file start-v2.cif (mmCIF, C-alpha atoms)
data_query
#
loop_
_atom_site.label_atom_id
_atom_site.label_comp_id
_atom_site.auth_asym_id
_atom_site.auth_seq_id
_atom_site.Cartn_x
_atom_site.Cartn_y
_atom_site.Cartn_z
CA MET A 1116 106.77 108.01 133.75
CA LYS A 1117 107.65 109.16 130.24
CA THR A 1118 106.90 112.78 130.94
CA LYS A 1119 110.28 114.05 129.87
CA PHE A 1120 110.11 112.04 126.65
CA PHE A 1121 106.90 113.66 125.60
CA ILE A 1122 107.90 117.16 126.58
CA LEU A 1123 111.08 116.86 124.57
CA LEU A 1124 109.15 115.36 121.72
CA LEU A 1125 106.71 118.19 121.59
CA THR A 1126 108.53 121.37 122.31
CA PRO A 1127 110.24 121.70 118.93
CA LEU A 1128 107.01 120.94 117.16
CA LEU A 1129 104.99 123.40 119.08
CA GLY A 1130 107.27 126.33 119.79
CA PHE A 1131 106.33 129.74 118.42
CA GLY A 1132 108.03 133.04 117.86
CA GLU A 1133 111.60 132.01 117.07
CA PRO A 1134 113.14 132.72 113.65
CA LEU A 1135 113.17 129.73 111.38
CA SER A 1136 115.69 129.01 108.67
CA VAL A 1137 114.79 126.80 105.72
CA ASP A 1138 117.11 125.27 103.13
CA SER A 1139 116.08 123.25 100.10
CA GLU A 1140 117.29 122.35 96.64
CA ILE A 1141 114.10 123.62 94.99
CA ALA A 1142 111.42 125.88 96.42
CA HIS A 1143 108.26 126.48 94.41
CA TYR A 1144 105.40 128.83 95.24
CA ASP A 1145 102.24 129.05 93.17
CA GLY A 1146 100.33 131.49 95.33
CA GLN A 1147 98.60 128.68 97.25
CA CYS A 1148 101.33 126.24 98.24
CA ILE A 1149 105.03 126.31 98.95
CA THR A 1150 106.67 123.08 97.83
CA LEU A 1151 110.18 122.34 99.03
CA LYS A 1152 112.04 119.47 97.41
CA GLY A 1153 115.44 117.90 97.98
CA ASP A 1154 117.38 118.00 101.23
CA VAL A 1155 114.92 120.17 103.12
CA ILE A 1156 116.55 121.40 106.34
CA ILE A 1157 114.60 123.48 108.82
CA GLU A 1158 116.58 124.97 111.68
CA HIS A 1159 115.02 126.40 114.78
CA ALA A 1160 116.30 127.41 118.19
CA MET A 1161 115.03 124.06 119.46
CA GLY A 1162 116.65 121.86 116.84
CA THR A 1163 117.00 120.78 113.25
CA LEU A 1164 114.35 119.11 111.14
CA CYS A 1165 115.28 117.31 107.91
CA ALA A 1166 113.07 115.80 105.22
CA GLN A 1167 113.15 115.15 101.52
CA SER A 1168 110.06 117.22 100.78
CA ALA A 1169 107.72 119.68 102.46
CA LEU A 1170 104.38 121.16 101.45
CA LEU A 1171 103.03 124.32 103.10
CA GLN A 1172 99.42 125.10 102.17
CA LYS A 1173 98.16 128.63 102.38
CA ASP A 1174 94.93 129.74 104.00
CA VAL A 1175 93.78 131.42 100.80
CA ASN A 1176 90.49 132.62 102.25
CA LYS A 1177 92.23 134.11 105.28
CA THR A 1178 89.96 132.34 107.75
CA THR A 1179 92.79 132.53 110.26
CA SER A 1180 95.73 134.82 110.99
CA ILE A 1181 98.06 131.92 110.20
CA GLU A 1182 99.27 132.16 106.62
CA PHE A 1183 100.27 128.51 106.10
CA PRO A 1184 98.20 126.45 108.54
CA TRP A 1185 98.74 123.07 106.85
CA ILE A 1186 102.24 121.64 106.66
CA THR A 1187 103.29 118.20 105.49
CA LEU A 1188 106.83 116.84 105.68
CA LYS A 1189 107.62 113.65 103.81
CA GLU A 1190 110.37 111.07 103.34
CA HIS A 1191 113.08 110.48 105.91
CA VAL A 1192 111.69 113.04 108.34
CA HIS A 1193 114.20 113.45 111.14
CA LEU A 1194 114.12 115.89 114.01
CA GLN A 1195 117.26 116.41 116.04
CA LEU A 1196 116.77 118.38 119.23
CA LYS A 1197 119.46 120.68 120.58
CA GLU A 1198 118.71 119.47 124.10
CA GLY A 1199 119.23 115.88 122.96
CA GLY A 1200 116.73 113.48 121.56
CA ALA A 1201 115.80 112.59 118.03
CA LEU A 1202 112.54 111.83 116.26
CA SER A 1203 112.24 109.89 113.00
CA CYS A 1204 109.16 109.21 110.90
CA THR A 1205 108.03 109.02 107.28
CA THR A 1206 105.31 111.65 107.27
CA LEU A 1207 104.60 114.54 109.61
CA GLN A 1208 101.36 116.48 109.06
CA LEU A 1209 100.59 119.64 111.00
CA ASP A 1210 97.16 121.24 110.98
CA HIS A 1211 97.18 124.55 112.83
CA LEU A 1212 93.43 125.00 112.35
CA LYS A 1213 92.50 121.70 113.97
CA MET A 1214 95.51 122.12 116.27
CA THR A 1215 96.77 118.65 115.63
CA SER A 1216 99.85 116.86 114.31
CA VAL A 1217 99.92 113.37 112.82
CA LEU A 1218 103.14 111.37 112.54
CA THR A 1219 103.38 108.17 110.52
CA GLY A 1220 106.33 105.81 110.43
CA ASP A 1221 107.54 103.32 107.89
CA PRO A 1222 107.73 101.01 109.71
CA GLN A 1223 107.51 103.12 112.88
CA VAL A 1224 107.73 106.55 114.41
CA VAL A 1225 110.82 106.47 116.60
CA TYR A 1226 111.82 108.83 119.38
CA THR A 1227 115.10 108.35 121.22
CA ASP A 1228 117.00 110.29 123.85
CA THR A 1229 119.35 109.57 126.75
CA LEU A 1230 116.43 108.35 128.88
CA GLY A 1231 115.03 105.85 126.46
CA GLU A 1232 113.09 105.10 123.31
CA ILE A 1233 109.52 105.27 122.04
CA TYR A 1234 108.24 103.33 119.02
CA ALA A 1235 104.78 103.46 117.43
CA ASP A 1236 103.26 103.03 113.97
CA HIS A 1237 101.41 106.36 114.28
CA ALA A 1238 101.34 109.30 116.66
CA HIS A 1239 98.79 112.11 117.11
CA ILE A 1240 99.43 115.29 119.05
CA ASP A 1241 96.59 117.66 119.96
CA TYR A 1242 97.33 121.09 121.32
CA ILE A 1243 95.88 124.47 122.20
CA LYS A 1244 97.20 127.99 121.90
CA GLU A 1245 97.71 129.69 125.24
CA ASN A 1246 99.29 133.10 125.78
CA GLY A 1247 100.89 133.09 122.36
CA SER A 1248 102.47 129.66 122.67
CA LEU A 1249 101.22 126.16 122.01
CA THR A 1250 100.59 123.62 124.73
CA ALA A 1251 100.01 119.93 124.12
CA THR A 1252 96.73 118.66 125.50
CA LYS A 1253 96.90 115.05 124.39
CA ILE A 1254 99.42 112.72 122.81
CA THR A 1255 98.30 109.46 121.31
CA LEU A 1256 100.58 106.66 120.16
CA LEU A 1257 98.91 104.01 118.03
CA ASP A 1258 99.72 100.44 117.01
CA ASN A 1259 102.68 98.34 118.11
CA VAL A 1260 103.71 100.81 120.77
CA ARG A 1261 106.98 100.08 122.57
CA LEU A 1262 108.31 102.20 125.41
CA ILE A 1263 111.77 101.80 126.90
CA ASN A 1264 112.84 103.90 129.84
CA GLY A 1265 115.94 102.75 131.70
CA SER A 1266 115.21 99.32 133.10
CA THR A 1267 111.47 99.50 132.33
CA SER A 1268 109.83 98.38 129.11
CA ALA A 1269 106.20 98.37 128.00
CA LEU A 1270 104.21 96.99 125.09
CA ALA A 1271 100.75 98.29 124.20
CA ASP A 1272 98.37 98.80 121.29
CA ARG A 1273 97.59 102.39 122.26
CA VAL A 1274 99.17 104.92 124.58
CA PHE A 1275 97.56 108.19 125.64
CA TYR A 1276 99.46 110.87 127.47
CA ASP A 1277 97.85 113.77 129.27
CA PRO A 1278 100.60 116.38 129.86
CA GLN A 1279 98.56 118.34 132.39
CA GLU A 1280 97.85 115.30 134.55
CA GLN A 1281 101.23 113.79 133.65
CA LEU A 1282 99.39 110.53 133.21
CA VAL A 1283 100.25 107.83 130.70
CA ILE A 1284 97.46 105.40 129.83
CA LEU A 1285 98.53 102.22 128.07
CA GLU A 1286 95.77 100.15 126.47
CA GLY A 1287 95.66 96.74 124.85
CA ASP A 1288 93.31 95.90 122.08
CA ALA A 1289 93.96 92.48 120.60
CA ASN A 1290 96.94 92.20 122.93
CA ARG A 1291 97.31 92.86 126.61
CA VAL A 1292 99.53 95.61 127.93
CA LEU A 1293 102.83 94.17 129.10
CA PHE A 1294 104.90 96.17 131.56
CA TYR A 1295 108.29 94.94 132.73
CA ASP A 1296 110.87 96.38 135.09
CA ALA A 1297 114.12 94.41 134.83
CA GLU A 1298 115.70 96.11 137.81
CA LYS A 1299 112.80 95.45 140.17
CA GLN A 1300 111.95 92.17 138.45
CA MET A 1301 108.38 93.41 138.13
CA GLN A 1302 105.98 91.95 135.58
CA LEU A 1303 102.55 93.36 134.88
CA SER A 1304 100.03 92.15 132.31
CA ALA A 1305 96.68 93.92 132.07
CA LYS A 1306 94.10 95.30 129.67
CA THR A 1307 94.91 98.83 130.76
CA VAL A 1308 97.81 100.33 132.69
CA HIS A 1309 97.95 103.81 134.17
CA ALA A 1310 101.45 105.14 134.80
CA LYS A 1311 102.30 108.26 136.76
CA LYS A 1312 105.59 109.55 138.04
CA ASN A 1313 105.84 107.17 140.99
CA SER A 1314 102.98 104.76 140.47
CA ILE A 1315 101.88 101.99 138.13
CA GLN A 1316 98.28 100.78 138.20
CA GLY A 1317 96.79 97.88 136.25
CA PHE A 1318 93.11 97.53 135.34
CA GLY A 1319 91.09 94.56 134.04
CA ASP A 1320 92.27 91.02 134.69
CA VAL A 1321 95.62 92.12 136.09
CA ARG A 1322 98.38 89.52 136.29
CA PHE A 1323 101.75 90.04 137.93
CA ILE A 1324 103.50 87.30 136.07
CA PHE A 1325 103.74 86.94 132.31
CA GLY A 1326 102.45 83.90 130.48
CA PRO A 1327 105.05 82.00 128.40
CA ASP A 1328 103.99 83.73 125.16
CA GLU A 1329 104.03 87.15 126.85
CA LEU A 1330 107.47 86.51 128.27
CA GLU A 1331 108.69 85.45 124.85
CA LYS A 1332 107.19 88.61 123.37
CA ILE A 1333 108.94 90.82 125.91
CA LYS A 1334 112.24 89.02 125.31
CA THR A 1335 111.93 89.33 121.54
CA GLN A 1336 110.76 92.92 121.44
CA PHE A 1337 113.26 94.26 123.94
CA HIS A 1338 116.14 91.83 123.39
CA ILE A 1339 116.05 90.76 127.04
CA GLN A 1340 117.98 87.59 127.99
CA MET B 1108 107.03 123.25 7.62
CA PHE B 1109 110.60 123.28 6.48
CA LYS B 1110 110.97 126.84 7.84
CA ILE B 1111 109.89 125.75 11.33
CA GLN B 1112 112.35 122.85 11.31
CA LEU B 1113 115.09 125.24 10.25
CA ILE B 1114 114.30 127.68 13.11
CA VAL B 1115 114.30 124.87 15.74
CA LEU B 1116 117.59 123.53 14.39
CA ALA B 1117 119.11 127.02 14.50
CA LEU B 1118 117.98 127.53 18.11
CA ALA B 1119 119.38 124.14 19.21
CA LEU B 1120 122.65 124.90 17.45
CA GLY B 1121 122.82 128.33 19.14
CA LEU B 1122 122.14 126.79 22.62
CA GLY B 1123 124.83 124.14 22.06
CA ILE B 1124 127.39 126.77 21.02
CA GLY B 1125 126.36 128.92 24.04
CA LEU B 1126 126.90 126.04 26.50
CA LEU B 1127 130.27 125.31 24.99
CA VAL B 1128 131.40 128.96 25.08
CA PHE B 1129 129.81 129.84 28.50
CA PRO B 1130 129.71 126.58 30.59
CA ILE B 1131 127.73 126.56 33.95
CA GLN B 1132 130.29 126.59 36.76
CA GLN B 1133 129.98 125.79 40.49
CA LYS B 1134 130.15 129.47 41.43
CA ASP B 1135 127.08 130.00 39.29
CA PHE B 1136 125.21 127.45 41.38
CA PHE B 1137 126.22 129.28 44.61
CA LEU B 1138 125.19 132.61 43.12
CA TYR B 1139 121.89 131.12 42.07
CA GLU B 1140 121.27 129.66 45.57
CA ALA B 1141 122.15 132.96 47.26
CA LEU B 1142 119.77 134.87 44.99
CA THR B 1143 117.05 132.30 45.63
CA GLU B 1144 117.51 132.56 49.43
CA GLN B 1145 117.34 136.35 49.29
CA SER B 1146 114.16 136.28 47.28
CA ASN B 1147 112.57 133.61 49.53
CA PRO B 1148 111.52 135.03 52.94
CA ASP B 1149 111.02 131.53 54.44
CA GLN B 1150 114.69 130.81 54.24
CA GLU B 1151 115.96 134.09 55.57
CA ALA B 1152 119.41 134.16 57.13
CA PRO B 1153 119.34 134.41 60.97
CA VAL B 1154 119.34 137.97 62.23
CA CYS B 1155 120.67 139.06 65.61
CA THR B 1156 120.64 142.66 66.69
CA GLN B 1157 121.57 144.09 70.04
CA GLN B 1158 120.66 147.25 71.89
CA MET B 1159 122.45 148.45 75.00
CA ARG B 1160 120.49 150.34 77.61
CA GLU B 1161 121.31 152.15 80.84
CA ASN B 1162 119.21 152.76 83.95
CA VAL B 1163 116.34 150.62 82.75
CA HIS B 1164 113.07 150.79 84.66
CA LYS B 1165 110.07 148.71 83.67
CA GLN B 1166 106.75 148.81 85.46
CA ILE B 1167 103.94 146.35 84.81
CA TRP B 1168 100.46 146.58 86.31
CA ILE B 1169 98.38 143.43 86.06
CA GLN B 1170 94.65 143.55 86.62
CA ASP B 1171 92.86 140.80 88.56
CA GLN B 1172 95.92 138.61 88.67
CA THR B 1173 98.78 137.73 90.96
CA PRO B 1174 101.22 139.45 91.00
CA LEU B 1175 99.43 142.78 90.78
CA TYR B 1176 102.39 145.02 90.14
CA PHE B 1177 105.86 144.24 88.94
CA SER B 1178 108.82 146.55 88.55
CA ILE B 1179 112.34 145.85 87.30
CA GLN B 1180 115.23 148.24 87.63
CA SER B 1181 118.64 147.60 86.15
CA LYS B 1182 121.79 149.65 85.81
CA ASN B 1183 122.71 148.13 82.44
CA SER B 1184 120.86 145.91 80.04
CA ASN B 1185 121.41 144.32 76.65
CA LEU B 1186 118.35 143.72 74.52
CA PHE B 1187 118.90 140.93 71.98
CA PHE B 1188 116.63 140.48 68.99
CA PHE B 1189 116.95 137.09 67.30
CA LYS B 1190 115.13 136.23 64.08
CA GLU B 1191 115.46 132.96 62.29
CA CYS B 1192 112.94 132.04 59.60
CA SER B 1193 109.63 133.14 61.11
CA GLN B 1194 110.80 132.68 64.71
CA ILE B 1195 111.45 135.85 66.68
CA GLU B 1196 112.96 135.89 70.15
CA ILE B 1197 113.59 138.99 72.22
CA ILE B 1198 115.68 138.51 75.34
CA GLU B 1199 116.88 141.17 77.68
CA GLU B 1200 119.99 140.55 79.77
CA LEU B 1201 119.96 142.71 82.86
CA GLU B 1202 122.79 143.46 85.27
CA ASP B 1203 122.58 144.67 88.86
CA VAL B 1204 118.84 144.10 89.02
CA THR B 1205 116.24 145.02 91.63
CA CYS B 1206 112.61 143.91 91.42
CA VAL B 1207 109.47 144.74 93.32
CA LEU B 1208 106.74 142.14 93.11
CA GLN B 1209 103.42 143.04 94.68
CA GLU B 1210 101.90 139.70 95.51
CA GLU B 1211 98.74 140.32 97.49
CA LEU B 1212 96.42 143.11 98.56
CA PHE B 1213 94.31 142.65 101.67
CA TYR B 1214 92.79 144.42 104.68
CA ARG B 1215 94.11 144.07 108.20
CA PHE B 1216 92.38 144.63 111.52
CA ALA B 1217 94.14 145.97 114.60
CA ASP B 1218 94.27 142.48 116.15
CA GLY B 1219 96.26 141.16 113.18
CA THR B 1220 93.41 139.26 111.53
CA THR B 1221 92.96 139.91 107.83
CA SER B 1222 90.30 140.01 105.15
CA LEU B 1223 90.47 139.95 101.36
CA SER B 1224 87.57 142.39 101.01
CA PRO B 1225 87.26 145.88 102.55
CA GLN B 1226 85.80 145.76 106.06
CA GLU B 1227 84.97 148.42 108.60
CA GLY B 1228 87.93 149.02 110.88
CA ALA B 1229 90.36 147.21 108.57
CA GLU B 1230 93.25 149.06 106.94
CA PRO B 1231 94.59 148.31 103.44
CA TRP B 1232 97.75 146.20 103.50
CA GLN B 1233 99.89 144.40 100.98
CA LYS B 1234 102.39 141.58 100.72
CA THR B 1235 105.32 142.50 98.52
CA ARG B 1236 108.59 140.85 97.56
CA TYR B 1237 111.78 142.74 96.92
CA LEU B 1238 114.50 140.98 94.96
CA LYS B 1239 118.12 141.85 94.16
CA ALA B 1240 120.11 139.88 91.63
CA GLU B 1241 123.53 140.13 90.06
CA GLN B 1242 122.04 139.39 86.67
CA ALA B 1243 118.76 138.35 85.12
CA HIS B 1244 117.21 137.41 81.79
CA TYR B 1245 113.75 138.30 80.61
CA ASN B 1246 112.21 136.57 77.62
CA TYR B 1247 109.59 138.78 75.99
CA GLN B 1248 107.86 135.86 74.25
CA THR B 1249 107.49 133.45 77.17
CA HIS B 1250 107.53 136.20 79.84
CA LEU B 1251 109.97 134.03 81.77
CA PHE B 1252 112.13 135.99 84.18
CA VAL B 1253 115.25 134.19 85.44
CA ALA B 1254 117.54 135.83 87.98
CA ASP B 1255 120.90 134.51 89.18
CA THR B 1256 122.58 134.96 92.58
CA VAL B 1257 119.50 136.31 94.23
CA HIS B 1258 118.75 137.99 97.56
CA LEU B 1259 115.05 138.17 98.35
CA TRP B 1260 112.93 139.80 101.05
CA GLU B 1261 109.22 139.55 101.74
CA TYR B 1262 107.37 142.37 103.49
CA GLN B 1263 103.91 143.11 104.79
CA LEU B 1264 103.28 146.82 104.35
CA ALA B 1265 100.47 149.25 105.01
CA GLY B 1266 98.65 150.60 101.95
CA HIS B 1267 97.83 149.24 98.50
CA ALA B 1268 100.10 151.53 96.46
CA PRO B 1269 103.30 149.91 95.21
CA PRO B 1270 106.08 150.78 97.68
CA SER B 1271 109.01 152.94 96.66
CA THR B 1272 111.23 152.04 99.63
CA PHE B 1273 111.57 149.30 102.22
CA GLN B 1274 113.86 151.18 104.59
CA GLY B 1275 113.05 150.78 108.25
CA ILE B 1276 110.64 147.92 107.65
CA ASP B 1277 111.39 144.47 109.07
CA PRO B 1278 110.95 141.69 106.53
CA GLN B 1279 108.90 138.59 107.25
CA LEU B 1280 111.23 136.53 105.14
CA GLU B 1281 114.78 136.90 103.91
CA ALA B 1282 116.23 134.43 101.43
CA THR B 1283 119.14 133.78 99.13
CA ALA B 1284 119.02 131.51 96.09
CA GLN B 1285 121.34 130.40 93.36
CA SER B 1286 118.61 131.29 90.88
CA VAL B 1287 114.98 132.32 90.84
CA GLU B 1288 112.51 132.05 87.99
CA PHE B 1289 108.90 133.03 87.41
CA ILE B 1290 106.53 133.78 84.55
CA LEU B 1291 105.31 137.33 84.59
CA ASN B 1292 102.00 137.04 82.83
CA ALA B 1293 100.90 133.81 84.52
CA LYS B 1294 97.40 133.90 86.00
CA GLU B 1295 98.80 132.81 89.33
CA LEU B 1296 102.22 133.35 90.76
CA ASP B 1297 104.58 130.61 89.60
CA PHE B 1298 107.77 131.20 91.52
CA THR B 1299 110.67 128.73 91.72
CA ALA B 1300 113.93 129.15 93.63
CA HIS B 1301 116.92 126.84 93.29
CA LYS B 1302 119.30 126.11 96.18
CA MET B 1303 117.35 128.33 98.51
CA HIS B 1304 118.21 129.38 102.04
CA ALA B 1305 115.41 131.29 103.75
CA ILE B 1306 114.85 132.77 107.20
CA PHE B 1307 111.28 133.32 108.38
CA TYR B 1308 111.25 136.07 110.99
CA GLU B 1309 107.53 135.98 111.72
CA THR B 1310 107.16 132.30 112.20
CA GLU B 1311 103.56 131.81 113.22
CA GLY B 1312 101.96 129.51 110.71
CA VAL B 1313 105.13 128.18 109.23
CA GLN B 1314 106.40 126.96 112.57
CA LEU B 1315 107.45 123.36 112.43
#
call {"tool": "encode", "arguments": {"input": "start-v2.cif", "output": "structure tokens"}}
result
Amino acid sequence: MKTKFFILLLTPLLGFGEPLSVDSEIAHYDGQCITLKGDVIIEHAMGTLCAQSALLQKDVNKTTSIEFPWITLKEHVHLQLKEGGALSCTTLQLDHLKMTSVLTGDPQVVYTDTLGEIYADHAHIDYIKENGSLTATKITLLDNVRLINGSTSALADRVFYDPQEQLVILEGDANRVLFYDAEKQMQLSAKTVHAKKNSIQGFGDVRFIFGPDELEKIKTQFHIQ
Amino acid sequence: MFKIQLIVLALALGLGIGLLVFPIQQKDFFLYEALTEQSNPDQEAPVCTQQMRENVHKQIWIQDQTPLYFSIQSKNSNLFFFKECSQIEIIEELEDVTCVLQEELFYRFADGTTSLSPQEGAEPWQKTRYLKAEQAHYNYQTHLFVADTVHLWEYQLAGHAPPSTFQGIDPQLEATAQSVEFILNAKELDFTAHKMHAIFYETEGVQL
């Protein structure tokens, strides 16, 4: 399902080797941290990243070959991809030692492109380094997750994406996962939903018709008549 | 008794006649104030002297601190000495400035990993900044160095000796800034750039 979304979302975050240009009103370096403040603009071959502040922390003890393994971007973080697609969040934290990125939104992390939209309160991306470049191993979207892809919409508490398997797992916690295809008039309510390129599978008390409150939720969240 | 009264009366009469013949005028007050100021070092008049220099080259080695070596070269400089009361300020205005700032010494293995202490198989390396500015100011009291219209490069070079040239070496970072400031004798590097535009050529670790 959302494979292309996630690939587009990740590539600019995980690319290596390209020159990087950085603009900011003030740049301060104290030997341990680089602090960028005011209209921070980071341009890369993949796109442009804007934020109001950025903090790059140095690996002072040289435990790794990476000089600044911890990077935090704050306030109005916006990533515009050259291939299309845009990501917005409030805080973006990258940890190159743990090989993870954490995105937090206020209210939500938002990704949009020509194919659709993704909303979540938080997002985690885990990755590994392979042959000099980074590859995502797991993407997790947490809390109030909304996915819109063409005529299909989904609501879940958690979404896990495995890029290698190209499998999206949608899970409900307090709420059930609601999956709706307006074109095919398909409704699916379940505790867990597995979505692959051409298949949708529900697990745990699966229902193919929404209850009145679920229908209302879908209508409200996705502005469906 | 009568004699004493007569002497006092004569003195008072003499003083009265003196004041009438030679009255104290305003110019006398100014003269008095000027003489008082000259004789009082706390109220010295401000002093400003200037020295012009050519082909200035300063080299500073700092032990156990960052930066470790600092060099300034300037085609022309004006050294200003200001003194007001007990306050002394020495500021050097430099034109057409180049600086070498040795930031870090370390050891590097063939695979690119590094160590702060000497290790077997690791070669000495350094991280050094090279800066060019149209003009700069250096305050000898605060050790604050402020450069305007700056072009900056950052290099990783083999060896621990301060480099004399950067020709043929690719920088890790190239930047321009409206101004750059740092304190030279600070225990740690305290470097601030205003309106900075930087390009990181070796992007691993700063990749966003």
call {"tool": "interface_residues", "arguments": {"input": "start-v2.cif", "of": "chain A", "to": "chain B", "cutoff": "10 Å", "atoms": "all atoms listed in the file", "output": "ChimeraX atom specification"}}
result
/A:1127-1147,1149-1159,1163-1164,1171-1188,1207-1212,1247-1248
call {"tool": "atom_distance", "arguments": {"input": "start-v2.cif", "atom1": "atom CA of Leu1212 of chain B", "atom2": "atom CA of Gln1233 of chain B"}}
result
4.4 Å
call {"tool": "atom_distance", "arguments": {"input": "start-v2.cif", "atom1": "atom CA of Phe1252 of chain B", "atom2": "atom CA of Gln1209 of chain B"}}
result
15.4 Å
call {"tool": "closest_residue", "arguments": {"input": "start-v2.cif", "among": "B:Phe1129, B:Gly1228, B:Gln1157, B:Thr1272", "to": "Phe1188 of chain B", "atoms": "only C-alpha atoms"}}
result
B:Gln1157
call {"tool": "resolve_selection", "arguments": {"input": "start-v2.cif", "expression": "the PyMOL selection byres ((chain A and resi 1266) around 8)", "output": "list of chain:residue names"}}
result
A:Ile1263, A:Asn1264, A:Gly1265, A:Thr1267, A:Ser1268, A:Asp1296, A:Ala1297, A:Glu1298
call {"tool": "resolve_selection", "arguments": {"input": "start-v2.cif", "expression": "the PyMOL selection byres ((chain A and resi 1255) around 6)", "output": "list in words"}}
result
Ala1238, His1239, Ile1254, Leu1256, Val1274 and Phe1275 of chain A
call {"tool": "residues_around", "arguments": {"input": "start-v2.cif", "residues": "segment 1324-1333 of chain A", "least_positions_apart": "4", "cutoff": "12 Å", "atoms": "all atoms listed in the file", "output": "short mmCIF file (atom, residue, chain, number, x, y, z; two decimals) with C-alpha atoms, in the coordinates of the input"}}
result
data_model
loop_
_atom_site.label_atom_id
_atom_site.label_comp_id
_atom_site.auth_asym_id
_atom_site.auth_seq_id
_atom_site.Cartn_x
_atom_site.Cartn_y
_atom_site.Cartn_z
CA ASN A 1259 102.68 98.34 118.11
CA ARG A 1261 106.98 100.08 122.57
CA LEU A 1262 108.31 102.20 125.41
CA ILE A 1263 111.77 101.80 126.90
CA THR A 1267 111.47 99.50 132.33
CA SER A 1268 109.83 98.38 129.11
CA ALA A 1269 106.20 98.37 128.00
CA LEU A 1270 104.21 96.99 125.09
CA ALA A 1271 100.75 98.29 124.20
CA ASN A 1290 96.94 92.20 122.93
CA ARG A 1291 97.31 92.86 126.61
CA VAL A 1292 99.53 95.61 127.93
CA LEU A 1293 102.83 94.17 129.10
CA PHE A 1294 104.90 96.17 131.56
CA TYR A 1295 108.29 94.94 132.73
CA ASP A 1296 110.87 96.38 135.09
CA ALA A 1297 114.12 94.41 134.83
CA GLN A 1300 111.95 92.17 138.45
CA MET A 1301 108.38 93.41 138.13
CA GLN A 1302 105.98 91.95 135.58
CA LEU A 1303 102.55 93.36 134.88
CA SER A 1304 100.03 92.15 132.31
CA ALA A 1305 96.68 93.92 132.07
CA ASP A 1320 92.27 91.02 134.69
CA PHE A 1337 113.26 94.26 123.94
CA HIS A 1338 116.14 91.83 123.39
CA ILE A 1339 116.05 90.76 127.04
CA GLN A 1340 117.98 87.59 127.99
#
call {"tool": "decode", "arguments": {"input": "start-v2.cif", "residues": "segment 1248-1261 of chain A", "atoms": "N, CA and C atoms", "output": "short mmCIF file (atom, residue, chain, number, x, y, z; two decimals), in the first residue's frame"}}
result
data_model
loop_
_atom_site.label_atom_id
_atom_site.label_comp_id
_atom_site.auth_asym_id
_atom_site.auth_seq_id
_atom_site.Cartn_x
_atom_site.Cartn_y
_atom_site.Cartn_z
N SER A 1248 25.45 3.39 2.41
CA SER A 1248 24.22 4.19 2.45
C SER A 1248 23.28 3.61 3.51
N LEU A 1249 22.30 4.40 3.87
CA LEU A 1249 21.40 3.99 4.94
C LEU A 1249 20.12 3.40 4.36
N THR A 1250 19.65 2.34 5.00
CA THR A 1250 18.43 1.69 4.56
C THR A 1250 17.48 1.60 5.76
N ALA A 1251 16.25 1.99 5.55
CA ALA A 1251 15.26 1.92 6.62
C ALA A 1251 14.88 0.47 6.88
N THR A 1252 14.83 0.12 8.16
CA THR A 1252 14.44 -1.25 8.51
C THR A 1252 13.03 -1.29 9.08
N LYS A 1253 12.64 -0.16 9.71
CA LYS A 1253 11.31 -0.15 10.33
C LYS A 1253 10.84 1.29 10.49
N ILE A 1254 9.59 1.51 10.14
CA ILE A 1254 8.99 2.83 10.35
C ILE A 1254 7.76 2.64 11.22
N THR A 1255 7.70 3.45 12.26
CA THR A 1255 6.59 3.34 13.19
C THR A 1255 5.87 4.68 13.29
N LEU A 1256 4.58 4.65 13.09
CA LEU A 1256 3.76 5.86 13.28
C LEU A 1256 2.90 5.64 14.51
N LEU A 1257 2.90 6.61 15.41
CA LEU A 1257 2.22 6.42 16.69
C LEU A 1257 1.17 7.49 16.96
N ASP A 1258 0.06 7.05 17.49
CA ASP A 1258 -1.04 7.88 18.00
C ASP A 1258 -1.76 8.69 16.91
N ASN A 1259 -3.05 8.45 16.88
CA ASN A 1259 -3.96 9.18 15.96
C ASN A 1259 -3.45 9.15 14.51
N VAL A 1260 -3.14 7.95 14.08
CA VAL A 1260 -2.58 7.81 12.72
C VAL A 1260 -3.72 7.83 11.69
N ARG A 1261 -3.53 8.66 10.67
CA ARG A 1261 -4.49 8.73 9.56
C ARG A 1261 -3.72 8.57 8.27
#
